[in-house]
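Heads up, the thing below is written out as structure tokens.
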Amino acid sequence: VIVADINPKQIERWNSEKLPIYEPGLDEVIKACRGRNLFFTSDVTQAILDSSMIFVSVNTPTKKYGSGAGKAADLKNWELAARHIAKVSNGNKIVIEKSTLPVRTAHSMLRVLHANDRGLEFAVLSNPEFLAEGTAIRDLAKPDRVLIGGNKDSKMEIAAVEKLVWIYQHWVPSERILTTNLWSSELSKLVANAFLAQRVSSINSISALCEKTGAAVSEVARAIGMDTRIGNRFLNASVGFGGSCFQKDILNLVYICESLGLHEVAEYWNQVVLMNDYQKERFARAVVRSLFNTIAEKKIAI
């Protein structure tokens, strides 16, 4: 396995004793595998040449300007990666989407990859990750499911899906490996995050009601969480989503729905974001009220 990054400083840290990120269990995995069957390099071109299967994991932030600004995903990094793969590849390759991407991104990436002047063929698969911060290593070792999407009308992509399934079967039970068409896989990642965010916004909305009525939101969450139809995950009321992924992905989903003329669907999911914003504003207002409606020259500890 070759991990390539255009940032040499990042690679230096991956090759050092102090990794660039902290995740429980990651340090042990890196130390056990690095230099044996896991290598880190900033020579992206050579990594592409040496590989037959390429996982593209790049940042896809919300666009800050242009069409779809504030909602749509910025796919600049993905396109740059695809163009570089097409430019330097020395043979047919399997390219796998790991980033969270809008549905039908693979179609655009295939056009970029096939615009090479050497007649090379590429298979593009979707294999979104469902790792959670703090439990990522455990989630990777024992996933709820592994999702692999490919074009079922293409013999090359069918073969590519089978190869990727074979890799995962080394540690994941076959019944937990789901294969779908390309678009279902791309959309499933966005929808999974949207549903989780929806639960956070739902319990946060109830926390406002609890404060007005004298009910305890923790007790309400426990009561409804014991219902097996609902479950107890993501029912902890808080200031907001936490992190950036949920809001980014829901806004992307809203933009896709708007683009397809599904305005009622877009409004529904946008309300999840509005509730999250309301919860943050409500918390901030409560802090200000407790400080005699002024925070001038005051220090606030979190």
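By convention in this document, the chains of the structure tokens carry letters A, B, ... by their order, each chain's residues are numbered from 1, and ligands are numbered from 1 in the order they are shown.
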
| If you count only C-alpha atoms, which residues fall within 12 Å of Ala136 in chain A, apart from same-chain ones fewer than 3 positions away, as number ranges by chain? | A: 22-26, 29, 129-133, 139-143

Keeping only C-alpha atoms, take the residues you just selected and write them out as a PDB file, in the first residue's frame.
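Output file result_14.pdb is given in full below:
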ATOM      1  CA  TYR A  22      -4.255  11.464  16.399  1.00  0.00           C
ATOM      2  CA  GLU A  23      -6.651   8.566  16.259  1.00  0.00           C
ATOM      3  CA  PRO A  24      -6.791   5.829  18.909  1.00  0.00           C
ATOM      4  CA  GLY A  25      -4.974   2.728  17.627  1.00  0.00           C
ATOM      5  CA  LEU A  26      -3.573   4.420  14.510  1.00  0.00           C
ATOM      6  CA  VAL A  29      -1.055   0.146  13.077  1.00  0.00           C
ATOM      7  CA  GLU A 129     -15.825   5.533   4.053  1.00  0.00           C
ATOM      8  CA  PHE A 130     -18.041   5.519   7.109  1.00  0.00           C
ATOM      9  CA  LEU A 131     -15.345   5.993   9.752  1.00  0.00           C
ATOM     10  CA  ALA A 132     -16.103   8.061  12.840  1.00  0.00           C
ATOM     11  CA  GLU A 133     -13.526  10.166  14.633  1.00  0.00           C
ATOM     12  CA  ASP A 139     -14.754   0.983  12.269  1.00  0.00           C
ATOM     13  CA  LEU A 140     -12.223  -0.073   9.637  1.00  0.00           C
ATOM     14  CA  ALA A 141     -11.496  -3.433  11.276  1.00  0.00           C
ATOM     15  CA  LYS A 142     -15.138  -4.281  12.009  1.00  0.00           C
ATOM     16  CA  PRO A 143     -17.338  -2.148   9.747  1.00  0.00           C
TER      17      PRO A 143
END

Please report, as CSV, each residue of range 202-297 of chain A lying at most 8 Å from range 187-195 of chain A, together with the nearest pair of atoms and the separation in Å rounded to one decimal; use only C-alpha atoms, and order rows by chain and ascending residue number.
residue,atom,partner,partner_atom,distance
A:Cys245,CA,A:Asn193,CA,7.8
A:Phe246,CA,A:Asn193,CA,5.8
A:Asp249,CA,A:Leu190,CA,5.8
A:Ile250,CA,A:Ala194,CA,5.5
A:Leu253,CA,A:Leu190,CA,6.8
A:Trp269,CA,A:Ala194,CA,7.8

| said: Neighbouring residues of Arg118 in chain A were defined as those with any atom within 10 Å, considering only C-alpha atoms; residues of the same chain fewer than 6 positions away were excluded. Please report them as a ChimeraX atom specification. | reply: /A:86-87,89-91

Selection file, N, CA, C and O atoms, as a compact mmCIF listing (two decimals), in the first residue's frame:
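After the write, part01.txt holds the following:
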# COMPACT_ATOMS: atom_id res chain seq x y z
N ALA A 86 -4.77 10.65 -15.31
CA ALA A 86 -4.89 10.45 -16.76
C ALA A 86 -3.60 10.82 -17.48
O ALA A 86 -3.20 10.18 -18.45
N LYS A 87 -2.93 11.85 -16.98
CA LYS A 87 -1.72 12.36 -17.64
C LYS A 87 -0.53 11.42 -17.53
O LYS A 87 0.21 11.22 -18.50
N SER A 89 -0.51 8.04 -16.19
CA SER A 89 -0.73 6.59 -16.12
C SER A 89 -0.03 5.86 -17.27
O SER A 89 0.01 6.34 -18.40
N ASN A 90 0.49 4.68 -16.93
CA ASN A 90 1.21 3.87 -17.91
C ASN A 90 0.43 2.62 -18.32
O ASN A 90 0.95 1.71 -18.94
N GLY A 91 -0.86 2.58 -17.94
CA GLY A 91 -1.70 1.43 -18.27
C GLY A 91 -3.10 1.65 -17.73
O GLY A 91 -3.38 2.68 -17.10

To test your reading of the structure, identify every residue in range 30-197 of chain A that backbone DSSP assigns to strand (DSSP E or B), and report it as a PDB file with all heavy atoms, in the first residue's frame.
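part-v6.pdb, freshly written:
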ATOM      1  N   ARG A  34       4.452   0.129   8.633  1.00  0.00           N
ATOM      2  CA  ARG A  34       5.287   1.064   7.862  1.00  0.00           C
ATOM      3  C   ARG A  34       6.641   0.444   7.513  1.00  0.00           C
ATOM      4  O   ARG A  34       7.329  -0.118   8.365  1.00  0.00           O
ATOM      5  CB  ARG A  34       5.485   2.352   8.666  1.00  0.00           C
ATOM      6  CG  ARG A  34       6.165   3.468   7.874  1.00  0.00           C
ATOM      7  CD  ARG A  34       6.142   4.768   8.650  1.00  0.00           C
ATOM      8  NE  ARG A  34       6.726   4.623   9.977  1.00  0.00           N
ATOM      9  CZ  ARG A  34       6.532   5.480  10.995  1.00  0.00           C
ATOM     10  NH1 ARG A  34       5.763   6.538  10.805  1.00  0.00           N
ATOM     11  NH2 ARG A  34       7.087   5.273  12.164  1.00  0.00           N
ATOM     12  N   LEU A  38       3.471  -0.967   3.952  1.00  0.00           N
ATOM     13  CA  LEU A  38       2.849   0.357   3.945  1.00  0.00           C
ATOM     14  C   LEU A  38       3.941   1.409   3.769  1.00  0.00           C
ATOM     15  O   LEU A  38       4.894   1.454   4.565  1.00  0.00           O
ATOM     16  CB  LEU A  38       2.090   0.592   5.257  1.00  0.00           C
ATOM     17  CG  LEU A  38       1.459   1.974   5.447  1.00  0.00           C
ATOM     18  CD1 LEU A  38       0.376   2.234   4.403  1.00  0.00           C
ATOM     19  CD2 LEU A  38       0.877   2.114   6.856  1.00  0.00           C
ATOM     20  N   PHE A  39       3.803   2.231   2.727  1.00  0.00           N
ATOM     21  CA  PHE A  39       4.844   3.208   2.403  1.00  0.00           C
ATOM     22  C   PHE A  39       4.215   4.577   2.161  1.00  0.00           C
ATOM     23  O   PHE A  39       3.120   4.688   1.615  1.00  0.00           O
ATOM     24  CB  PHE A  39       5.628   2.759   1.169  1.00  0.00           C
ATOM     25  CG  PHE A  39       6.201   1.376   1.293  1.00  0.00           C
ATOM     26  CD1 PHE A  39       5.478   0.268   0.857  1.00  0.00           C
ATOM     27  CD2 PHE A  39       7.442   1.172   1.872  1.00  0.00           C
ATOM     28  CE1 PHE A  39       5.991  -1.010   0.984  1.00  0.00           C
ATOM     29  CE2 PHE A  39       7.969  -0.107   2.003  1.00  0.00           C
ATOM     30  CZ  PHE A  39       7.244  -1.206   1.565  1.00  0.00           C
ATOM     31  N   PHE A  40       4.925   5.629   2.571  1.00  0.00           N
ATOM     32  CA  PHE A  40       4.447   7.003   2.402  1.00  0.00           C
ATOM     33  C   PHE A  40       5.410   7.750   1.489  1.00  0.00           C
ATOM     34  O   PHE A  40       6.632   7.679   1.667  1.00  0.00           O
ATOM     35  CB  PHE A  40       4.374   7.705   3.765  1.00  0.00           C
ATOM     36  CG  PHE A  40       3.366   7.094   4.705  1.00  0.00           C
ATOM     37  CD1 PHE A  40       3.742   6.087   5.586  1.00  0.00           C
ATOM     38  CD2 PHE A  40       2.047   7.522   4.694  1.00  0.00           C
ATOM     39  CE1 PHE A  40       2.811   5.515   6.443  1.00  0.00           C
ATOM     40  CE2 PHE A  40       1.111   6.952   5.548  1.00  0.00           C
ATOM     41  CZ  PHE A  40       1.493   5.950   6.434  1.00  0.00           C
ATOM     42  N   THR A  41       4.859   8.492   0.520  1.00  0.00           N
ATOM     43  CA  THR A  41       5.699   9.200  -0.438  1.00  0.00           C
ATOM     44  C   THR A  41       5.028  10.483  -0.904  1.00  0.00           C
ATOM     45  O   THR A  41       3.795  10.580  -0.922  1.00  0.00           O
ATOM     46  CB  THR A  41       6.011   8.306  -1.656  1.00  0.00           C
ATOM     47  OG1 THR A  41       6.840   9.034  -2.577  1.00  0.00           O
ATOM     48  CG2 THR A  41       4.733   7.912  -2.383  1.00  0.00           C
ATOM     49  N   MET A  53      -4.571  -0.016  -8.674  1.00  0.00           N
ATOM     50  CA  MET A  53      -5.810   0.434  -8.032  1.00  0.00           C
ATOM     51  C   MET A  53      -5.489   1.693  -7.233  1.00  0.00           C
ATOM     52  O   MET A  53      -4.602   1.684  -6.373  1.00  0.00           O
ATOM     53  CB  MET A  53      -6.362  -0.675  -7.129  1.00  0.00           C
ATOM     54  CG  MET A  53      -7.701  -0.378  -6.506  1.00  0.00           C
ATOM     55  SD  MET A  53      -8.324  -1.794  -5.528  1.00  0.00           S
ATOM     56  CE  MET A  53      -8.819  -2.927  -6.828  1.00  0.00           C
ATOM     57  N   ILE A  54      -6.200   2.778  -7.515  1.00  0.00           N
ATOM     58  CA  ILE A  54      -5.890   4.076  -6.899  1.00  0.00           C
ATOM     59  C   ILE A  54      -7.105   4.582  -6.130  1.00  0.00           C
ATOM     60  O   ILE A  54      -8.176   4.799  -6.712  1.00  0.00           O
ATOM     61  CB  ILE A  54      -5.494   5.107  -7.974  1.00  0.00           C
ATOM     62  CG1 ILE A  54      -4.290   4.594  -8.783  1.00  0.00           C
ATOM     63  CG2 ILE A  54      -5.174   6.455  -7.329  1.00  0.00           C
ATOM     64  CD1 ILE A  54      -4.007   5.425 -10.025  1.00  0.00           C
ATOM     65  N   PHE A  55      -6.961   4.747  -4.829  1.00  0.00           N
ATOM     66  CA  PHE A  55      -8.002   5.332  -3.995  1.00  0.00           C
ATOM     67  C   PHE A  55      -7.761   6.835  -3.909  1.00  0.00           C
ATOM     68  O   PHE A  55      -6.689   7.256  -3.455  1.00  0.00           O
ATOM     69  CB  PHE A  55      -7.980   4.734  -2.586  1.00  0.00           C
ATOM     70  CG  PHE A  55      -8.352   3.280  -2.519  1.00  0.00           C
ATOM     71  CD1 PHE A  55      -7.423   2.291  -2.815  1.00  0.00           C
ATOM     72  CD2 PHE A  55      -9.634   2.891  -2.162  1.00  0.00           C
ATOM     73  CE1 PHE A  55      -7.765   0.948  -2.757  1.00  0.00           C
ATOM     74  CE2 PHE A  55      -9.992   1.554  -2.099  1.00  0.00           C
ATOM     75  CZ  PHE A  55      -9.053   0.578  -2.398  1.00  0.00           C
ATOM     76  N   VAL A  56      -8.724   7.625  -4.335  1.00  0.00           N
ATOM     77  CA  VAL A  56      -8.576   9.079  -4.311  1.00  0.00           C
ATOM     78  C   VAL A  56      -9.314   9.626  -3.087  1.00  0.00           C
ATOM     79  O   VAL A  56     -10.537   9.553  -3.003  1.00  0.00           O
ATOM     80  CB  VAL A  56      -9.108   9.725  -5.597  1.00  0.00           C
ATOM     81  CG1 VAL A  56      -8.932  11.243  -5.537  1.00  0.00           C
ATOM     82  CG2 VAL A  56      -8.383   9.154  -6.810  1.00  0.00           C
ATOM     83  N   THR A  62     -17.110  22.924   0.926  1.00  0.00           N
ATOM     84  CA  THR A  62     -18.211  23.648   0.298  1.00  0.00           C
ATOM     85  C   THR A  62     -17.649  24.811  -0.518  1.00  0.00           C
ATOM     86  O   THR A  62     -16.731  25.505  -0.076  1.00  0.00           O
ATOM     87  CB  THR A  62     -19.167  24.199   1.380  1.00  0.00           C
ATOM     88  OG1 THR A  62     -19.667  23.094   2.153  1.00  0.00           O
ATOM     89  CG2 THR A  62     -20.337  24.928   0.750  1.00  0.00           C
ATOM     90  N   ALA A  73     -20.496  21.142  -3.341  1.00  0.00           N
ATOM     91  CA  ALA A  73     -19.142  20.688  -3.016  1.00  0.00           C
ATOM     92  C   ALA A  73     -18.160  21.210  -4.062  1.00  0.00           C
ATOM     93  O   ALA A  73     -18.461  21.221  -5.258  1.00  0.00           O
ATOM     94  CB  ALA A  73     -19.094  19.163  -2.967  1.00  0.00           C
ATOM     95  N   LYS A  93      -6.206   1.561 -15.308  1.00  0.00           N
ATOM     96  CA  LYS A  93      -6.225   1.671 -13.848  1.00  0.00           C
ATOM     97  C   LYS A  93      -7.656   1.586 -13.324  1.00  0.00           C
ATOM     98  O   LYS A  93      -8.622   1.918 -14.017  1.00  0.00           O
ATOM     99  CB  LYS A  93      -5.634   3.011 -13.392  1.00  0.00           C
ATOM    100  CG  LYS A  93      -4.239   3.331 -13.918  1.00  0.00           C
ATOM    101  CD  LYS A  93      -3.160   2.578 -13.178  1.00  0.00           C
ATOM    102  CE  LYS A  93      -1.762   3.019 -13.662  1.00  0.00           C
ATOM    103  NZ  LYS A  93      -0.683   2.270 -12.992  1.00  0.00           N
ATOM    104  N   ILE A  94      -7.764   1.165 -12.066  1.00  0.00           N
ATOM    105  CA  ILE A  94      -9.023   1.234 -11.329  1.00  0.00           C
ATOM    106  C   ILE A  94      -8.924   2.423 -10.389  1.00  0.00           C
ATOM    107  O   ILE A  94      -8.009   2.496  -9.570  1.00  0.00           O
ATOM    108  CB  ILE A  94      -9.270  -0.054 -10.521  1.00  0.00           C
ATOM    109  CG1 ILE A  94      -9.348  -1.265 -11.441  1.00  0.00           C
ATOM    110  CG2 ILE A  94     -10.549   0.072  -9.691  1.00  0.00           C
ATOM    111  CD1 ILE A  94      -9.371  -2.599 -10.697  1.00  0.00           C
ATOM    112  N   VAL A  95      -9.829   3.385 -10.534  1.00  0.00           N
ATOM    113  CA  VAL A  95      -9.826   4.593  -9.711  1.00  0.00           C
ATOM    114  C   VAL A  95     -11.041   4.541  -8.786  1.00  0.00           C
ATOM    115  O   VAL A  95     -12.166   4.336  -9.253  1.00  0.00           O
ATOM    116  CB  VAL A  95      -9.853   5.871 -10.582  1.00  0.00           C
ATOM    117  CG1 VAL A  95      -9.856   7.117  -9.697  1.00  0.00           C
ATOM    118  CG2 VAL A  95      -8.665   5.881 -11.534  1.00  0.00           C
ATOM    119  N   ILE A  96     -10.805   4.734  -7.498  1.00  0.00           N
ATOM    120  CA  ILE A  96     -11.866   4.547  -6.508  1.00  0.00           C
ATOM    121  C   ILE A  96     -12.107   5.831  -5.733  1.00  0.00           C
ATOM    122  O   ILE A  96     -11.182   6.404  -5.150  1.00  0.00           O
ATOM    123  CB  ILE A  96     -11.502   3.403  -5.540  1.00  0.00           C
ATOM    124  CG1 ILE A  96     -11.299   2.111  -6.339  1.00  0.00           C
ATOM    125  CG2 ILE A  96     -12.577   3.222  -4.473  1.00  0.00           C
ATOM    126  CD1 ILE A  96     -10.580   1.033  -5.585  1.00  0.00           C
ATOM    127  N   GLU A  97     -13.354   6.280  -5.724  1.00  0.00           N
ATOM    128  CA  GLU A  97     -13.742   7.465  -4.951  1.00  0.00           C
ATOM    129  C   GLU A  97     -13.850   7.094  -3.476  1.00  0.00           C
ATOM    130  O   GLU A  97     -14.638   6.225  -3.109  1.00  0.00           O
ATOM    131  CB  GLU A  97     -15.113   7.977  -5.395  1.00  0.00           C
ATOM    132  CG  GLU A  97     -15.254   8.345  -6.846  1.00  0.00           C
ATOM    133  CD  GLU A  97     -16.705   8.659  -7.195  1.00  0.00           C
ATOM    134  OE1 GLU A  97     -17.622   8.184  -6.483  1.00  0.00           O
ATOM    135  OE2 GLU A  97     -16.918   9.370  -8.192  1.00  0.00           O
ATOM    136  N   PHE A 122     -10.127   3.295 -17.980  1.00  0.00           N
ATOM    137  CA  PHE A 122     -10.213   3.423 -16.523  1.00  0.00           C
ATOM    138  C   PHE A 122     -11.583   2.937 -16.047  1.00  0.00           C
ATOM    139  O   PHE A 122     -12.594   3.143 -16.728  1.00  0.00           O
ATOM    140  CB  PHE A 122     -10.029   4.881 -16.093  1.00  0.00           C
ATOM    141  CG  PHE A 122      -8.666   5.435 -16.379  1.00  0.00           C
ATOM    142  CD1 PHE A 122      -8.397   6.049 -17.604  1.00  0.00           C
ATOM    143  CD2 PHE A 122      -7.649   5.342 -15.433  1.00  0.00           C
ATOM    144  CE1 PHE A 122      -7.136   6.564 -17.868  1.00  0.00           C
ATOM    145  CE2 PHE A 122      -6.389   5.859 -15.701  1.00  0.00           C
ATOM    146  CZ  PHE A 122      -6.132   6.466 -16.920  1.00  0.00           C
ATOM    147  N   ALA A 123     -11.575   2.304 -14.894  1.00  0.00           N
ATOM    148  CA  ALA A 123     -12.830   1.950 -14.216  1.00  0.00           C
ATOM    149  C   ALA A 123     -12.921   2.836 -12.978  1.00  0.00           C
ATOM    150  O   ALA A 123     -11.957   2.936 -12.213  1.00  0.00           O
ATOM    151  CB  ALA A 123     -12.829   0.478 -13.814  1.00  0.00           C
ATOM    152  N   VAL A 124     -14.056   3.500 -12.798  1.00  0.00           N
ATOM    153  CA  VAL A 124     -14.248   4.356 -11.622  1.00  0.00           C
ATOM    154  C   VAL A 124     -15.291   3.712 -10.715  1.00  0.00           C
ATOM    155  O   VAL A 124     -16.427   3.453 -11.143  1.00  0.00           O
ATOM    156  CB  VAL A 124     -14.703   5.778 -12.031  1.00  0.00           C
ATOM    157  CG1 VAL A 124     -15.006   6.611 -10.786  1.00  0.00           C
ATOM    158  CG2 VAL A 124     -13.619   6.455 -12.856  1.00  0.00           C
ATOM    159  N   LEU A 125     -14.898   3.454  -9.488  1.00  0.00           N
ATOM    160  CA  LEU A 125     -15.791   2.866  -8.491  1.00  0.00           C
ATOM    161  C   LEU A 125     -16.019   3.855  -7.360  1.00  0.00           C
ATOM    162  O   LEU A 125     -15.222   4.765  -7.133  1.00  0.00           O
ATOM    163  CB  LEU A 125     -15.195   1.580  -7.907  1.00  0.00           C
ATOM    164  CG  LEU A 125     -14.755   0.488  -8.880  1.00  0.00           C
ATOM    165  CD1 LEU A 125     -14.248  -0.713  -8.097  1.00  0.00           C
ATOM    166  CD2 LEU A 125     -15.879   0.094  -9.810  1.00  0.00           C
ATOM    167  N   SER A 126     -17.112   3.662  -6.654  1.00  0.00           N
ATOM    168  CA  SER A 126     -17.397   4.446  -5.454  1.00  0.00           C
ATOM    169  C   SER A 126     -17.278   3.523  -4.243  1.00  0.00           C
ATOM    170  O   SER A 126     -17.901   2.458  -4.207  1.00  0.00           O
ATOM    171  CB  SER A 126     -18.808   5.042  -5.521  1.00  0.00           C
ATOM    172  OG  SER A 126     -19.163   5.612  -4.270  1.00  0.00           O
ATOM    173  N   VAL A 146     -19.504  -2.441   4.176  1.00  0.00           N
ATOM    174  CA  VAL A 146     -18.603  -1.862   3.179  1.00  0.00           C
ATOM    175  C   VAL A 146     -19.425  -1.690   1.908  1.00  0.00           C
ATOM    176  O   VAL A 146     -20.073  -2.635   1.449  1.00  0.00           O
ATOM    177  CB  VAL A 146     -17.386  -2.766   2.910  1.00  0.00           C
ATOM    178  CG1 VAL A 146     -16.602  -2.250   1.704  1.00  0.00           C
ATOM    179  CG2 VAL A 146     -16.489  -2.840   4.129  1.00  0.00           C
ATOM    180  N   LEU A 147     -19.427  -0.485   1.384  1.00  0.00           N
ATOM    181  CA  LEU A 147     -20.254  -0.169   0.217  1.00  0.00           C
ATOM    182  C   LEU A 147     -19.371   0.031  -1.011  1.00  0.00           C
ATOM    183  O   LEU A 147     -18.438   0.832  -0.980  1.00  0.00           O
ATOM    184  CB  LEU A 147     -21.076   1.085   0.500  1.00  0.00           C
ATOM    185  CG  LEU A 147     -22.094   1.535  -0.548  1.00  0.00           C
ATOM    186  CD1 LEU A 147     -23.115   0.439  -0.822  1.00  0.00           C
ATOM    187  CD2 LEU A 147     -22.791   2.804  -0.075  1.00  0.00           C
ATOM    188  N   ILE A 148     -19.680  -0.699  -2.066  1.00  0.00           N
ATOM    189  CA  ILE A 148     -18.904  -0.606  -3.304  1.00  0.00           C
ATOM    190  C   ILE A 148     -19.880  -0.410  -4.462  1.00  0.00           C
ATOM    191  O   ILE A 148     -20.770  -1.235  -4.694  1.00  0.00           O
ATOM    192  CB  ILE A 148     -18.064  -1.873  -3.551  1.00  0.00           C
ATOM    193  CG1 ILE A 148     -17.088  -2.094  -2.386  1.00  0.00           C
ATOM    194  CG2 ILE A 148     -17.307  -1.759  -4.874  1.00  0.00           C
ATOM    195  CD1 ILE A 148     -16.364  -3.428  -2.445  1.00  0.00           C
ATOM    196  N   GLY A 149     -19.720   0.694  -5.179  1.00  0.00           N
ATOM    197  CA  GLY A 149     -20.592   0.984  -6.307  1.00  0.00           C
ATOM    198  C   GLY A 149     -19.834   0.955  -7.619  1.00  0.00           C
ATOM    199  O   GLY A 149     -18.706   1.455  -7.702  1.00  0.00           O
ATOM    200  N   ILE A 177     -20.506  -6.830   2.880  1.00  0.00           N
ATOM    201  CA  ILE A 177     -19.992  -6.120   1.708  1.00  0.00           C
ATOM    202  C   ILE A 177     -21.150  -5.943   0.724  1.00  0.00           C
ATOM    203  O   ILE A 177     -21.659  -6.914   0.161  1.00  0.00           O
ATOM    204  CB  ILE A 177     -18.836  -6.889   1.049  1.00  0.00           C
ATOM    205  CG1 ILE A 177     -17.697  -7.097   2.056  1.00  0.00           C
ATOM    206  CG2 ILE A 177     -18.325  -6.126  -0.170  1.00  0.00           C
ATOM    207  CD1 ILE A 177     -16.556  -7.949   1.529  1.00  0.00           C
ATOM    208  N   LEU A 178     -21.582  -4.703   0.552  1.00  0.00           N
ATOM    209  CA  LEU A 178     -22.714  -4.401  -0.318  1.00  0.00           C
ATOM    210  C   LEU A 178     -22.219  -3.860  -1.653  1.00  0.00           C
ATOM    211  O   LEU A 178     -21.381  -2.956  -1.681  1.00  0.00           O
ATOM    212  CB  LEU A 178     -23.627  -3.361   0.341  1.00  0.00           C
ATOM    213  CG  LEU A 178     -24.096  -3.640   1.773  1.00  0.00           C
ATOM    214  CD1 LEU A 178     -24.970  -2.490   2.264  1.00  0.00           C
ATOM    215  CD2 LEU A 178     -24.860  -4.951   1.841  1.00  0.00           C
ATOM    216  N   THR A 179     -22.721  -4.396  -2.724  1.00  0.00           N
ATOM    217  CA  THR A 179     -22.395  -3.866  -4.057  1.00  0.00           C
ATOM    218  C   THR A 179     -23.658  -3.268  -4.662  1.00  0.00           C
ATOM    219  O   THR A 179     -24.731  -3.875  -4.619  1.00  0.00           O
ATOM    220  CB  THR A 179     -21.828  -4.965  -4.974  1.00  0.00           C
ATOM    221  OG1 THR A 179     -22.778  -6.030  -5.090  1.00  0.00           O
ATOM    222  CG2 THR A 179     -20.527  -5.515  -4.415  1.00  0.00           C
ATOM    223  N   THR A 180     -23.510  -2.052  -5.194  1.00  0.00           N
ATOM    224  CA  THR A 180     -24.639  -1.319  -5.769  1.00  0.00           C
ATOM    225  C   THR A 180     -24.206  -0.700  -7.087  1.00  0.00           C
ATOM    226  O   THR A 180     -23.040  -0.813  -7.485  1.00  0.00           O
ATOM    227  CB  THR A 180     -25.100  -0.187  -4.828  1.00  0.00           C
ATOM    228  OG1 THR A 180     -24.073   0.830  -4.785  1.00  0.00           O
ATOM    229  CG2 THR A 180     -25.354  -0.701  -3.412  1.00  0.00           C
TER     230      THR A 180
END

At a cut-off of 7 Å, using only C-alpha atoms, what residues contact Phe241 in chain A? Leave out same-chain residues fewer than 3 positions from it and give the result as a PDB file with N, CA and C atoms, in the first residue's frame.
ATOM      1  N   ALA A 197     -27.284  13.649  11.000  1.00  0.00           N
ATOM      2  CA  ALA A 197     -27.445  15.065  11.357  1.00  0.00           C
ATOM      3  C   ALA A 197     -28.886  15.369  11.718  1.00  0.00           C
ATOM      4  N   VAL A 200     -29.501  14.550  15.282  1.00  0.00           N
ATOM      5  CA  VAL A 200     -28.919  15.552  16.179  1.00  0.00           C
ATOM      6  C   VAL A 200     -29.831  16.773  16.253  1.00  0.00           C
ATOM      7  N   PHE A 246     -21.179  17.061   8.688  1.00  0.00           N
ATOM      8  CA  PHE A 246     -22.631  16.978   8.591  1.00  0.00           C
ATOM      9  C   PHE A 246     -23.216  18.167   7.842  1.00  0.00           C
ATOM     10  N   ASN A 276     -29.919  23.436  13.413  1.00  0.00           N
ATOM     11  CA  ASN A 276     -28.573  23.403  13.991  1.00  0.00           C
ATOM     12  C   ASN A 276     -28.075  24.820  14.278  1.00  0.00           C
TER      13      ASN A 276
END

| message | List as a VMD selection string the protein and nucleic acid residues near range 76-82 of chain A, meaning an atom at most 9 Å away when only C-alpha atoms are counted, but skip any in the same chain fewer than 4 places from it. | response | chain A and resid 56 to 60 86 to 87 95 99 108 to 110 112 to 113

Selection near Val220 in chain A, 12 Å with only C-alpha atoms, sequence-local residues under 6 positions removed, as an mmCIF file with N, CA and C atoms, in the first residue's frame:
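Output (part_32.cif):
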data_model
loop_
_atom_site.group_PDB
_atom_site.id
_atom_site.type_symbol
_atom_site.label_atom_id
_atom_site.label_comp_id
_atom_site.auth_asym_id
_atom_site.auth_seq_id
_atom_site.Cartn_x
_atom_site.Cartn_y
_atom_site.Cartn_z
ATOM 1 N N ILE A 203 -33.158 15.988 18.305
ATOM 2 C CA ILE A 203 -33.064 15.992 19.771
ATOM 3 C C ILE A 203 -32.741 17.396 20.278
ATOM 4 N N ASN A 204 -32.002 18.179 19.487
ATOM 5 C CA ASN A 204 -31.716 19.558 19.897
ATOM 6 C C ASN A 204 -32.979 20.408 19.897
ATOM 7 N N ILE A 206 -35.925 19.286 20.566
ATOM 8 C CA ILE A 206 -36.671 18.853 21.748
ATOM 9 C C ILE A 206 -36.049 19.423 23.018
ATOM 10 N N SER A 207 -34.733 19.666 23.000
ATOM 11 C CA SER A 207 -34.085 20.248 24.184
ATOM 12 C C SER A 207 -34.640 21.648 24.469
ATOM 13 N N LEU A 209 -37.709 22.614 23.773
ATOM 14 C CA LEU A 209 -39.034 22.382 24.346
ATOM 15 C C LEU A 209 -38.933 21.940 25.808
ATOM 16 N N CYS A 210 -37.951 21.088 26.096
ATOM 17 C CA CYS A 210 -37.757 20.612 27.472
ATOM 18 C C CYS A 210 -37.447 21.759 28.424
ATOM 19 N N GLU A 211 -36.635 22.701 27.981
ATOM 20 C CA GLU A 211 -36.277 23.826 28.838
ATOM 21 C C GLU A 211 -37.493 24.695 29.162
ATOM 22 N N GLY A 214 -39.935 22.083 31.610
ATOM 23 C CA GLY A 214 -39.438 21.460 32.827
ATOM 24 C C GLY A 214 -39.061 20.000 32.657
ATOM 25 N N MET A 226 -34.759 3.750 24.035
ATOM 26 C CA MET A 226 -34.987 2.349 24.389
ATOM 27 C C MET A 226 -35.990 1.684 23.455
ATOM 28 N N ASP A 227 -36.635 2.484 22.636
ATOM 29 C CA ASP A 227 -37.512 1.947 21.591
ATOM 30 C C ASP A 227 -36.612 1.397 20.481
ATOM 31 N N ASN A 232 -30.670 4.307 20.377
ATOM 32 C CA ASN A 232 -30.162 5.361 21.258
ATOM 33 C C ASN A 232 -28.968 6.132 20.709
ATOM 34 N N LEU A 235 -28.497 10.726 20.054
ATOM 35 C CA LEU A 235 -29.609 11.363 20.765
ATOM 36 C C LEU A 235 -29.116 12.170 21.960
ATOM 37 N N ASN A 236 -27.876 12.622 21.908
ATOM 38 C CA ASN A 236 -27.337 13.471 22.964
ATOM 39 C C ASN A 236 -27.478 14.929 22.548
ATOM 40 N N ALA A 237 -28.338 15.663 23.236
ATOM 41 C CA ALA A 237 -28.515 17.086 22.910
ATOM 42 C C ALA A 237 -27.204 17.828 23.136
#

| message | According to DSSP computed on the backbone, where in range 177-253 of chain A is there helix (DSSP H, G or I)? Give the residues as a ChimeraX atom specification. | response | /A:182-213,217-225,245-253

| said: What's around Asp277 in chain A at 12 Å? Count only C-alpha atoms, leave out sequence neighbours fewer than 5 positions away in its own chain, and write the answer as a list in words. | reply: Val200, Ser201, Asn204, Ser205, Ser238, Val239, Gly240, Phe241, Gly242, Gln247, Asn270, Gln271, Val272, Arg282, Phe283 and Ala284 of chain A
